[in-house]
file query_11.cif (mmCIF, C-alpha atoms)
data_start
loop_
_atom_site.label_atom_id
_atom_site.label_comp_id
_atom_site.auth_asym_id
_atom_site.auth_seq_id
_atom_site.Cartn_x
_atom_site.Cartn_y
_atom_site.Cartn_z
CA MET X 7 -112.19 117.46 -28.35
CA HIS X 8 -108.86 118.22 -29.94
CA ALA X 9 -106.24 115.54 -30.13
CA PRO X 10 -103.68 116.24 -27.41
CA ARG X 11 -100.48 117.69 -28.73
CA GLY X 12 -97.80 115.17 -29.52
CA HIS X 13 -99.68 112.10 -28.35
CA ARG X 14 -99.38 108.69 -29.98
CA LEU X 15 -101.94 105.96 -29.49
CA LEU X 16 -100.60 102.66 -28.23
CA PRO X 17 -102.45 99.41 -27.59
CA LEU X 18 -102.62 98.45 -23.93
CA ALA X 19 -100.21 95.56 -24.47
CA ALA X 20 -97.60 97.92 -25.87
CA LEU X 21 -98.21 100.32 -23.01
CA GLY X 22 -97.48 97.55 -20.54
CA VAL X 23 -94.22 96.75 -22.33
CA ALA X 24 -93.24 100.41 -22.24
CA LEU X 25 -93.83 100.60 -18.50
CA ALA X 26 -92.21 97.32 -17.51
CA PRO X 27 -88.50 98.26 -17.71
CA THR X 28 -88.89 101.24 -15.39
CA LEU X 29 -91.29 100.16 -12.66
CA ALA X 30 -89.24 98.14 -10.23
CA THR X 31 -92.16 97.20 -8.01
CA ALA X 32 -95.92 97.43 -7.81
CA GLY X 33 -97.39 100.80 -6.98
CA ASP X 34 -99.35 103.62 -8.54
CA GLY X 35 -97.60 103.55 -11.91
CA LEU X 36 -100.86 103.42 -13.86
CA HIS X 37 -102.72 105.85 -11.60
CA PRO X 38 -103.84 108.81 -13.78
CA ARG X 39 -101.90 111.95 -12.89
CA THR X 40 -104.14 114.91 -12.10
CA PRO X 41 -103.53 117.97 -14.29
CA VAL X 42 -103.60 121.65 -13.43
CA LEU X 43 -106.37 123.39 -15.40
CA PHE X 44 -105.60 127.07 -15.76
CA ASP X 45 -108.60 129.37 -16.12
CA SER X 46 -108.64 130.72 -19.72
CA PRO X 47 -105.84 133.30 -19.48
CA PRO X 48 -105.50 136.14 -21.99
CA CYS X 49 -103.06 135.66 -24.83
CA MET X 50 -100.88 138.49 -23.48
CA THR X 51 -100.59 139.33 -19.78
CA ILE X 52 -98.44 142.35 -18.96
CA VAL X 53 -97.15 142.74 -15.40
CA ASP X 54 -95.99 146.34 -14.89
CA ARG X 55 -93.88 146.21 -11.75
CA SER X 56 -94.03 149.98 -11.39
CA VAL X 57 -97.69 149.37 -10.53
CA ASP X 58 -97.69 145.90 -8.90
CA PRO X 59 -95.08 143.12 -9.25
CA VAL X 60 -97.43 140.32 -8.14
CA LEU X 61 -99.37 138.27 -10.68
CA GLU X 62 -102.32 136.21 -9.50
CA LEU X 63 -102.83 132.87 -11.24
CA VAL X 64 -106.11 130.96 -11.07
CA TYR X 65 -106.51 127.24 -11.69
CA THR X 66 -108.90 124.37 -11.08
CA ILE X 67 -108.65 120.59 -10.92
CA PRO X 68 -110.93 117.98 -12.53
CA TYR X 69 -111.15 115.91 -9.33
CA GLU X 70 -109.50 115.57 -5.94
CA ASP X 71 -106.58 113.19 -5.71
CA LEU X 72 -105.28 112.24 -2.28
CA LYS X 73 -103.30 109.15 -1.42
CA PRO X 74 -105.46 106.29 -0.16
CA GLU X 75 -105.00 105.09 3.38
CA TYR X 76 -102.76 102.11 2.85
CA ASP X 77 -102.84 99.05 5.04
CA PRO X 78 -99.92 99.64 7.45
CA ASP X 79 -99.30 95.91 7.52
CA ASP X 80 -98.91 95.78 3.74
CA MET X 81 -97.04 99.01 2.92
CA SER X 82 -94.35 97.08 1.06
CA THR X 83 -96.68 96.67 -1.90
CA TRP X 84 -97.18 100.46 -2.34
CA HIS X 85 -94.51 102.84 -3.42
CA GLU X 86 -95.33 106.53 -3.44
CA VAL X 87 -93.06 109.38 -2.39
CA ASP X 88 -94.12 110.98 0.85
CA ASN X 89 -95.16 114.33 -0.68
CA GLY X 90 -96.52 112.92 -3.94
CA ARG X 91 -99.85 113.73 -5.59
CA THR X 92 -99.17 117.44 -5.29
CA HIS X 93 -99.03 120.47 -7.57
CA GLN X 94 -96.31 123.09 -8.06
CA PHE X 95 -95.98 126.08 -10.41
CA PHE X 96 -93.11 127.38 -12.55
CA GLY X 97 -92.27 130.21 -14.93
CA PHE X 98 -89.86 129.82 -17.87
CA CYS X 99 -87.96 132.49 -19.77
CA ARG X 100 -88.73 130.87 -23.13
CA ASP X 101 -91.26 128.67 -24.86
CA HIS X 102 -90.43 125.18 -26.15
CA ASP X 103 -91.71 123.36 -29.20
CA PRO X 104 -94.31 120.62 -28.71
CA GLN X 105 -91.83 117.86 -29.54
CA THR X 106 -89.28 118.96 -26.92
CA PRO X 107 -90.63 118.25 -23.43
CA LEU X 108 -89.55 119.94 -20.24
CA PRO X 109 -87.31 118.00 -17.85
CA ASN X 110 -89.21 115.49 -15.77
CA TRP X 111 -87.50 116.15 -12.44
CA ILE X 112 -86.98 119.35 -10.46
CA THR X 113 -84.08 118.42 -8.16
CA GLN X 114 -81.73 115.54 -7.51
CA ALA X 115 -83.46 115.14 -4.14
CA ASP X 116 -86.74 114.49 -5.97
CA LEU X 117 -85.11 111.79 -8.06
CA ASP X 118 -83.50 110.25 -4.98
CA ALA X 119 -86.90 110.11 -3.26
CA ALA X 120 -88.33 108.17 -6.21
CA VAL X 121 -85.31 105.86 -6.31
CA ASP X 122 -85.70 105.12 -2.59
CA LYS X 123 -89.26 103.94 -3.28
CA GLY X 124 -88.13 101.72 -6.14
CA LEU X 125 -89.98 103.78 -8.72
CA ILE X 126 -87.16 104.33 -11.20
CA ASP X 127 -83.65 103.25 -12.03
CA PRO X 128 -81.40 106.32 -11.60
CA GLU X 129 -79.05 105.05 -14.30
CA ILE X 130 -81.57 105.86 -17.03
CA VAL X 131 -82.11 109.50 -15.97
CA ASP X 132 -79.99 112.01 -17.88
CA PRO X 133 -78.77 115.07 -15.92
CA GLU X 134 -80.48 117.20 -18.56
CA ASP X 135 -83.78 115.72 -17.38
CA ILE X 136 -83.34 117.35 -13.96
CA PHE X 137 -83.82 121.12 -13.85
CA GLU X 138 -81.25 121.48 -11.10
CA SER X 139 -78.50 120.03 -13.32
CA SER X 140 -79.79 120.94 -16.79
CA THR X 141 -77.52 123.14 -18.89
CA ASP X 142 -80.29 123.74 -21.46
CA TRP X 143 -82.51 125.40 -18.85
CA ALA X 144 -79.90 126.97 -16.57
CA GLY X 145 -81.07 130.39 -15.40
CA CYS X 146 -84.33 130.07 -17.34
CA TRP X 147 -86.63 128.30 -14.86
CA HIS X 148 -88.18 129.97 -11.86
CA ARG X 149 -90.22 128.54 -9.02
CA ILE X 150 -93.54 130.32 -8.56
CA THR X 151 -94.20 128.11 -5.54
CA GLY X 152 -91.43 126.38 -3.64
CA ASP X 153 -90.67 122.67 -3.41
CA ASP X 154 -91.87 122.81 0.20
CA GLU X 155 -95.09 124.54 -0.91
CA ARG X 156 -96.40 121.83 -3.19
CA ARG X 157 -100.16 121.79 -2.89
CA GLU X 158 -102.36 118.84 -2.14
CA ILE X 159 -104.72 118.08 -5.00
CA THR X 160 -107.95 119.16 -3.36
CA PHE X 161 -110.69 121.59 -4.32
CA ALA X 162 -109.86 123.67 -1.24
CA GLU X 163 -106.24 124.12 -2.30
CA ALA X 164 -107.18 124.82 -5.91
CA ALA X 165 -109.55 127.56 -4.73
CA LYS X 166 -106.58 129.51 -3.39
CA PRO X 167 -104.90 131.82 -5.91
CA VAL X 168 -101.26 131.28 -6.82
CA LEU X 169 -99.33 134.52 -6.28
CA TRP X 170 -96.17 135.07 -8.33
CA ASP X 171 -93.90 137.84 -7.11
CA THR X 172 -91.94 138.90 -10.20
CA SER X 173 -89.72 141.42 -8.38
CA ASP X 174 -86.50 139.44 -8.86
CA LEU X 175 -87.06 138.46 -12.50
CA GLU X 176 -85.38 140.04 -15.49
CA VAL X 177 -87.59 142.17 -17.68
CA GLY X 178 -88.94 139.96 -20.48
CA SER X 179 -91.50 137.32 -21.39
CA TYR X 180 -92.32 134.12 -19.53
CA VAL X 181 -94.50 131.04 -20.03
CA ILE X 182 -96.10 129.26 -17.09
CA GLU X 183 -96.68 125.58 -16.46
CA GLY X 184 -98.13 123.55 -13.62
CA TYR X 185 -96.30 120.46 -12.36
CA THR X 186 -97.91 117.33 -10.95
CA TRP X 187 -95.37 115.67 -8.66
CA GLU X 188 -96.12 111.95 -8.64
CA PRO X 189 -93.15 110.03 -9.99
CA TRP X 190 -92.21 108.50 -12.09
CA ILE X 191 -94.92 109.82 -14.40
CA ASN X 192 -94.71 113.47 -13.40
CA LEU X 193 -96.97 115.71 -15.48
CA TRP X 194 -96.63 119.20 -16.95
CA SER X 195 -99.79 121.26 -17.62
CA PHE X 196 -99.30 124.17 -19.98
CA ARG X 197 -100.83 127.61 -19.38
CA SER X 198 -101.62 129.19 -22.74
CA GLY X 199 -100.49 132.70 -23.54
CA VAL X 200 -97.44 134.65 -22.41
CA VAL X 201 -96.63 136.83 -19.40
CA LYS X 202 -94.53 139.93 -20.09
CA VAL X 203 -92.80 141.47 -17.07
CA VAL X 204 -91.93 145.16 -17.52
CA ASP X 205 -90.91 148.19 -15.44
CA SER X 206 -92.40 150.71 -17.87
CA ASP X 207 -95.34 150.94 -20.25
CA ASP X 208 -92.94 151.97 -23.05
CA PRO X 209 -92.60 148.96 -25.41
CA ALA X 210 -89.07 150.05 -26.32
CA ALA X 211 -88.00 149.55 -22.68
CA SER X 212 -88.48 145.77 -22.87
CA PRO X 213 -87.78 142.94 -25.33
CA PRO X 214 -90.58 141.64 -27.57
CA ALA X 215 -93.11 139.11 -26.33
CA LEU X 216 -95.60 137.02 -28.28
CA ALA X 217 -97.87 133.97 -28.13
CA ILE X 218 -99.88 132.02 -30.70
CA VAL X 219 -103.61 131.45 -30.35
CA ASP X 220 -104.35 128.27 -32.30
CA ASN X 221 -107.20 125.82 -32.01
CA ILE X 222 -106.76 123.68 -35.13
CA ASP X 223 -104.95 120.36 -34.95
CA PHE X 224 -105.62 119.05 -38.47
CA THR X 225 -106.19 120.48 -41.91
CA TYR X 226 -106.53 119.28 -45.47
CA ALA X 227 -103.70 119.63 -47.95
CA ASP X 228 -103.55 123.17 -49.39
CA GLN X 229 -106.13 124.43 -46.92
CA ALA X 230 -105.01 127.52 -45.01
CA VAL X 231 -104.78 127.40 -41.22
CA PRO X 232 -105.38 130.79 -39.53
CA LEU X 233 -103.09 131.54 -36.58
CA ASP X 234 -103.82 134.50 -34.32
CA VAL X 235 -100.74 136.01 -32.72
CA CYS X 236 -100.61 138.47 -29.83
CA HIS X 237 -97.47 140.55 -29.50
CA SER X 238 -95.91 143.40 -27.60
CA ALA X 239 -92.89 144.98 -29.27
CA ALA X 240 -91.25 148.31 -30.05
CA ASP X 241 -92.14 150.13 -33.24
CA GLY X 242 -90.41 148.72 -36.31
CA ALA X 243 -90.47 145.10 -35.12
CA THR X 244 -90.93 142.35 -37.70
CA MET X 245 -92.29 138.83 -37.61
CA THR X 246 -91.05 135.65 -39.31
CA ALA X 247 -93.01 132.40 -39.22
CA TYR X 248 -91.71 128.86 -39.81
CA TRP X 249 -92.99 125.32 -40.14
CA SER X 250 -91.22 122.02 -39.56
CA PHE X 251 -92.04 118.34 -39.77
CA THR X 252 -92.39 116.78 -36.33
CA ASP X 253 -90.26 113.77 -37.30
CA ALA X 254 -86.77 114.04 -35.84
CA ASP X 255 -85.12 112.98 -39.10
CA LYS X 256 -86.97 115.74 -41.00
CA PHE X 257 -86.64 118.49 -38.39
CA GLU X 258 -85.88 121.83 -40.06
CA TRP X 259 -87.49 125.24 -39.58
CA ILE X 260 -88.60 126.49 -43.00
CA PRO X 261 -89.95 130.08 -43.28
CA PHE X 262 -93.36 130.67 -44.83
CA LEU X 263 -93.61 134.34 -43.82
CA GLU X 264 -90.58 136.62 -43.57
CA ASP X 265 -90.04 140.03 -41.99
CA ALA X 266 -93.72 141.02 -41.88
CA PRO X 267 -94.26 144.31 -39.98
CA VAL X 268 -95.68 143.90 -36.49
CA VAL X 269 -98.70 146.17 -36.21
CA ALA X 270 -101.03 146.75 -33.22
CA ASP X 271 -101.41 144.04 -30.56
CA MET X 272 -102.75 141.15 -32.66
CA SER X 273 -101.99 139.68 -36.08
CA THR X 274 -103.51 136.85 -38.07
CA ILE X 275 -101.22 134.65 -40.15
CA ASP X 276 -102.39 132.04 -42.64
CA PHE X 277 -100.31 128.89 -42.95
CA THR X 278 -101.01 126.93 -46.13
CA PRO X 279 -99.29 123.53 -45.85
CA PRO X 280 -96.81 122.83 -48.67
CA ALA X 281 -97.63 119.83 -50.86
CA GLU X 282 -94.87 117.73 -49.30
CA THR X 283 -96.54 117.88 -45.87
CA ALA X 284 -99.60 115.88 -46.96
CA GLY X 285 -99.92 112.80 -44.79
CA SER X 286 -97.58 114.21 -42.12
CA SER X 287 -97.75 116.43 -39.06
CA VAL X 288 -96.05 119.78 -38.69
CA MET X 289 -95.13 122.32 -36.01
CA ILE X 290 -95.36 126.11 -36.22
CA ARG X 291 -92.91 128.64 -34.82
CA ILE X 292 -93.00 132.45 -34.95
CA ASP X 293 -90.17 134.89 -34.14
CA VAL X 294 -90.54 138.61 -33.48
CA THR X 295 -87.43 140.81 -33.70
CA ASP X 296 -87.26 144.52 -32.94
CA GLY X 297 -84.93 147.24 -34.21
CA MET X 298 -82.50 146.64 -31.31
CA ASP X 299 -82.09 143.01 -32.40
CA ARG X 300 -84.04 141.74 -29.40
CA SER X 301 -86.23 138.76 -30.20
CA ALA X 302 -88.81 136.36 -28.80
CA THR X 303 -90.08 133.00 -30.04
CA ALA X 304 -93.43 131.27 -29.64
CA TYR X 305 -94.67 127.87 -30.81
CA ALA X 306 -98.17 126.83 -31.77
CA ASN X 307 -99.77 124.78 -29.04
CA TYR X 308 -100.88 122.07 -31.46
CA THR X 309 -99.02 120.01 -33.94
CA ILE X 310 -101.05 120.09 -37.16
CA THR X 311 -101.85 116.90 -39.05
CA VAL X 312 -102.09 117.53 -42.80
CA ILE X 313 -104.59 115.19 -44.41
CA GLU X 314 -104.34 114.18 -48.04
CA GLY X 315 -107.36 114.72 -50.24
CA MET X 316 -110.24 117.19 -50.15
CA ALA X 317 -108.42 120.41 -51.00
CA SER X 318 -106.06 118.70 -53.45
CA THR X 319 -108.96 117.00 -55.21
CA GLY X 320 -110.89 120.18 -55.80
CA GLY X 321 -113.49 119.70 -53.09
CA ASP X 322 -114.33 116.02 -53.59
CA CYS X 323 -116.53 114.86 -50.72
CA GLY X 324 -116.06 111.21 -51.58
CA GLU X 325 -113.47 108.78 -50.26
CA SER X 326 -110.33 110.85 -50.60
CA SER X 327 -109.84 111.20 -46.85
CA PHE X 328 -110.60 109.17 -43.75
CA VAL X 329 -111.69 112.37 -42.00
CA GLY X 330 -114.91 113.96 -43.22
CA ASN X 331 -114.90 117.53 -44.44
CA PRO X 332 -117.49 119.50 -42.43
CA ASP X 333 -118.08 121.76 -45.45
CA CYS X 334 -119.44 118.79 -47.39
CA GLU X 335 -122.47 118.51 -45.14
CA THR X 336 -123.63 122.05 -45.83
CA THR X 337 -122.16 123.15 -49.15
CA GLY X 338 -121.43 119.95 -51.01
CA GLY X 339 -117.70 120.59 -50.74
CA THR X 340 -115.23 123.43 -51.00
CA ASP X 341 -111.86 123.63 -52.59
CA GLY X 342 -110.25 124.24 -49.21
CA THR X 343 -108.26 127.22 -50.43
CA ASP X 344 -108.67 130.93 -49.96
CA GLY X 345 -105.95 132.39 -52.13
CA THR X 346 -103.79 133.41 -49.19
CA ASP X 347 -100.04 133.70 -49.55
CA GLY X 348 -98.89 133.80 -45.94
CA THR X 349 -99.44 137.54 -45.58
CA ALA X 350 -100.12 138.72 -42.03
CA THR X 351 -103.19 140.78 -41.32
CA THR X 352 -103.80 142.59 -38.07
CA ALA X 353 -106.75 142.80 -35.79
CA GLY X 354 -107.45 144.11 -32.35
CA THR X 355 -105.95 146.73 -30.09
CA ASP X 356 -106.41 144.97 -26.77
CA SER X 357 -104.75 141.56 -26.45
CA THR X 358 -106.87 140.64 -23.47
CA THR X 359 -110.20 141.15 -25.16
CA GLY X 360 -109.68 140.75 -28.90
CA GLY X 361 -111.29 143.64 -30.69
CA THR X 362 -111.33 145.91 -33.66
CA THR X 363 -110.23 145.24 -37.18
CA GLY X 364 -106.85 146.30 -38.54
CA ASP X 365 -105.62 147.28 -41.97
CA ALA X 366 -102.09 145.99 -42.45
CA THR X 367 -102.73 144.43 -45.85
CA GLY X 368 -106.20 145.61 -46.77
CA THR X 369 -107.84 142.44 -45.45
CA ALA X 370 -109.57 142.96 -42.14
CA THR X 371 -109.93 140.12 -39.68
CA THR X 372 -110.90 139.81 -36.05
CA ALA X 373 -108.99 138.11 -33.28
CA SER X 374 -109.86 136.87 -29.84
CA GLY X 375 -107.59 137.13 -26.83
CA SER X 376 -108.36 133.60 -25.72
CA ALA X 377 -105.97 130.73 -26.28
CA SER X 378 -106.27 127.01 -26.92
CA THR X 379 -103.76 124.36 -26.02
CA GLY X 380 -102.77 120.76 -26.60
CA GLY X 381 -100.61 118.23 -24.68
CA GLN X 382 -97.79 115.74 -24.83
CA MET X 383 -96.40 112.80 -22.91
CA ASP X 384 -93.05 111.06 -22.94
CA ASP X 385 -91.43 107.78 -22.08
CA PRO X 386 -90.31 106.55 -18.64
CA GLU X 387 -86.73 107.74 -19.13
CA GLY X 388 -87.79 111.33 -18.84
CA CYS X 389 -91.55 111.17 -19.07
CA ALA X 390 -91.95 114.96 -18.83
CA CYS X 391 -95.58 114.36 -19.64
CA ARG X 392 -97.31 117.51 -20.74
CA LEU X 393 -101.04 118.09 -20.82
CA ASP X 394 -101.89 121.42 -22.33
CA ASP X 395 -105.67 121.22 -22.49
CA PRO X 396 -106.94 118.13 -20.67
CA ARG X 397 -110.65 118.97 -20.85
CA PRO X 398 -113.01 117.15 -20.69
CA ALA X 399 -111.67 115.93 -17.37
CA ALA X 400 -113.83 112.82 -17.35
CA ALA X 401 -111.92 111.45 -20.33
CA PHE X 402 -108.47 112.10 -18.92
CA GLY X 403 -108.11 108.96 -16.84
CA LEU X 404 -108.71 106.68 -19.81
CA ALA X 405 -106.67 108.83 -22.18
CA PHE X 406 -103.70 108.76 -19.85
CA LEU X 407 -103.56 104.99 -19.93
CA LEU X 408 -103.78 104.90 -23.71
CA LEU X 409 -101.48 107.74 -24.68
CA LEU X 410 -97.72 107.61 -24.37
CA ARG X 411 -95.33 109.21 -26.81
CA ARG X 412 -91.68 108.61 -27.60
CA ARG X 413 -89.60 111.71 -26.92
CA ARG X 414 -87.84 113.30 -29.86
CA VAL X 415 -84.12 112.60 -29.96
CA ARG X 416 -82.25 115.70 -28.81
#

call {"tool": "encode", "arguments": {"input": "query_11.cif", "output": "C-alpha cells"}}
result
Amino acid sequence: MHAPRGHRLLPLAALGVALAPTLATAGDGLHPRTPVLFDSPPCMTIVDRSVDPVLELVYTIPYEDLKPEYDPDDMSTWHEVDNGRTHQFFGFCRDHDPQTPLPNWITQADLDAAVDKGLIDPEIVDPEDIFESSTDWAGCWHRITGDDERREITFAEAAKPVLWDTSDLEVGSYVIEGYTWEPWINLWSFRSGVVKVVDSDDPAASPPALAIVDNIDFTYADQAVPLDVCHSAADGATMTAYWSFTDADKFEWIPFLEDAPVVADMSTIDFTPPAETAGSSVMIRIDVTDGMDRSATAYANYTITVIEGMASTGGDCGESSFVGNPDCETTGGTDGTDGTDGTATTAGTDSTTGGTTGDATGTATTASGSASTGGQMDDPEGCACRLDDPRPAAAFGLAFLLLLRRRRVR
C-alpha cells in the first residue's frame, strides 16, 4: 500500500492536541470520513460534445455511513449538520499540487451550518477556504451535483452513476474530485486522470490537456523514477517537467526536462533525483504548451521520498538505508541507475488502453492508461482533507485517526 500523498504521522496524543482548539463540543470529530472511490478511470477521457455532452462517472464506497439514531433526550451531546455524511462531486479547470489542498468549504451557508452546531470557530476560517468566496478558484470550480443533491453514503446511492452535463463548460481540461460533507473534517477524494471537453476531434481546436500516471512514492538517490504522461495537444506542442522540494521554505520549480516534443498520446519521462534531494521529499509538475501558446499543467499524484543510500553506494545491500532494496533479494543489489538523462520517450496511441511502442528517442517503452493516486489531509483551520487512493478500505478508519498534515503556507 502506497503512503498517502502528503500525510504526516502523528502520535495520538499530538492528534488530540491538534483537534482540541477547533472542536467546541463533543460530537463526531474523530469519526472516520468515508471517501469516494472512483472506478479506475483512463488517464485521458475526451468528451466530444458534438457527439454527447454528458459524461458518466462511476464510483464505489468502502462501507455505508449513515448517522446513528441519536437519543432524542440527549441530542445536546451530538453535533452533526442535518445533511452531513453525504457525497458531492465537482470538476475543476486546473490541477493543484499535492501540497496545496482544495478549500474545505463550498459555501458560506455550509460554514454557518457547522458553526450553528458548535463544530468550528468561524474566526479561524479564511475566505479563501470557502469556494464561494475564494479568489484563487473563482470561475474554476463547477458543481457536477448540486448542494441539494448530496448523496447519502449507501451502497444503493453509490450504485447510481453520476452524470455530468458539460454543455455549459468552456472547452478545455478538467480534473474531478469527490467531496465528503461532514464538517469540520470534510474530505476530498481525487479522481486520477484528466477529462478534456471538446467540440471537435481536431486537437488544434482545443487547448492541451495532460495527466501523469505515477505509482511510485519513494526512490533511492540517483535512481530514475519513470513517469507515464498522457496528453492531447496540437502538433508542435512541447513538454517541460519540473521538480520541487515539498518544504515551503524550499519551494521552487526546477526544470529537469525542457521543451521535449509531444508525440502520440503517451510519453514516458524519467526523473533522476538530484543529489541534494537525498533525505527529502519532492513533487513533480509537467507543463505542455502548444504553438498557439496555450498550456496545461499536471502534477504527479504522489510526493516522492528520496532515500539516501543504495544507488549512491553502488548497490550496497547492507545498512545504508532503512528501507530494503527489493533488487537485493533477487540480484544481490543494483546500482539503481539506468543512464537516463531526463529524455522523454513515447509509447501508445490510445490513452485509454495503453498500447504500442513509440520511437521518439530510439528507446521504446510501453505505457498503461491506468492511473494511481495518493492523498493528503490538512489541519482544522481548513482541513481540506484529500484522499486520492484510500484502498484498502479496511485500513482507512485507523489511518484517518493517525494521519493529519499541516497545510503548506500559501

call {"tool": "closest_residue", "arguments": {"input": "query_11.cif", "among": "X:Ala304, X:Met298, X:Val312, X:Ala115", "to": "Glu282 (chain X)", "atoms": "only C-alpha atoms"}}
result
X:Val312

call {"tool": "closest_residue", "arguments": {"input": "query_11.cif", "among": "X:Trp187, X:Phe262, X:Phe251, X:Tyr308", "to": "Asp88 (chain X)", "atoms": "only C-alpha atoms"}}
result
X:Trp187

call {"tool": "residues_around", "arguments": {"input": "query_11.cif", "residues": "region 56-64 of chain X", "least_positions_apart": "6", "cutoff": "12 Å", "atoms": "only C-alpha atoms", "output": "number ranges by chain"}}
result
X: 42-48, 95-97, 150-151, 163-177, 182-184, 197, 201-208

call {"tool": "write_last_selection", "arguments": {"input": "query_11.cif", "atoms": "C-alpha atoms", "output": "CSV table (one decimal), in the frame of the given file"}}
result
chain,number,residue,atom,x,y,z
X,42,VAL,CA,-103.6,121.6,-13.4
X,43,LEU,CA,-106.4,123.4,-15.4
X,44,PHE,CA,-105.6,127.1,-15.8
X,45,ASP,CA,-108.6,129.4,-16.1
X,46,SER,CA,-108.6,130.7,-19.7
X,47,PRO,CA,-105.8,133.3,-19.5
X,48,PRO,CA,-105.5,136.1,-22.0
X,95,PHE,CA,-96.0,126.1,-10.4
X,96,PHE,CA,-93.1,127.4,-12.6
X,97,GLY,CA,-92.3,130.2,-14.9
X,150,ILE,CA,-93.5,130.3,-8.6
X,151,THR,CA,-94.2,128.1,-5.5
X,163,GLU,CA,-106.2,124.1,-2.3
X,164,ALA,CA,-107.2,124.8,-5.9
X,165,ALA,CA,-109.6,127.6,-4.7
X,166,LYS,CA,-106.6,129.5,-3.4
X,167,PRO,CA,-104.9,131.8,-5.9
X,168,VAL,CA,-101.3,131.3,-6.8
X,169,LEU,CA,-99.3,134.5,-6.3
X,170,TRP,CA,-96.2,135.1,-8.3
X,171,ASP,CA,-93.9,137.8,-7.1
X,172,THR,CA,-91.9,138.9,-10.2
X,173,SER,CA,-89.7,141.4,-8.4
X,174,ASP,CA,-86.5,139.4,-8.9
X,175,LEU,CA,-87.1,138.5,-12.5
X,176,GLU,CA,-85.4,140.0,-15.5
X,177,VAL,CA,-87.6,142.2,-17.7
X,182,ILE,CA,-96.1,129.3,-17.1
X,183,GLU,CA,-96.7,125.6,-16.5
X,184,GLY,CA,-98.1,123.6,-13.6
X,197,ARG,CA,-100.8,127.6,-19.4
X,201,VAL,CA,-96.6,136.8,-19.4
X,202,LYS,CA,-94.5,139.9,-20.1
X,203,VAL,CA,-92.8,141.5,-17.1
X,204,VAL,CA,-91.9,145.2,-17.5
X,205,ASP,CA,-90.9,148.2,-15.4
X,206,SER,CA,-92.4,150.7,-17.9
X,207,ASP,CA,-95.3,150.9,-20.2
X,208,ASP,CA,-92.9,152.0,-23.0

call {"tool": "atom_distance", "arguments": {"input": "query_11.cif", "atom1": "CA of Ser140 (chain X)", "atom2": "CA of Val181 (chain X)"}}
result
18.1 Å

call {"tool": "atom_distance", "arguments": {"input": "query_11.cif", "atom1": "CA of Asp153 (chain X)", "atom2": "CA of Cys49 (chain X)"}}
result
27.9 Å
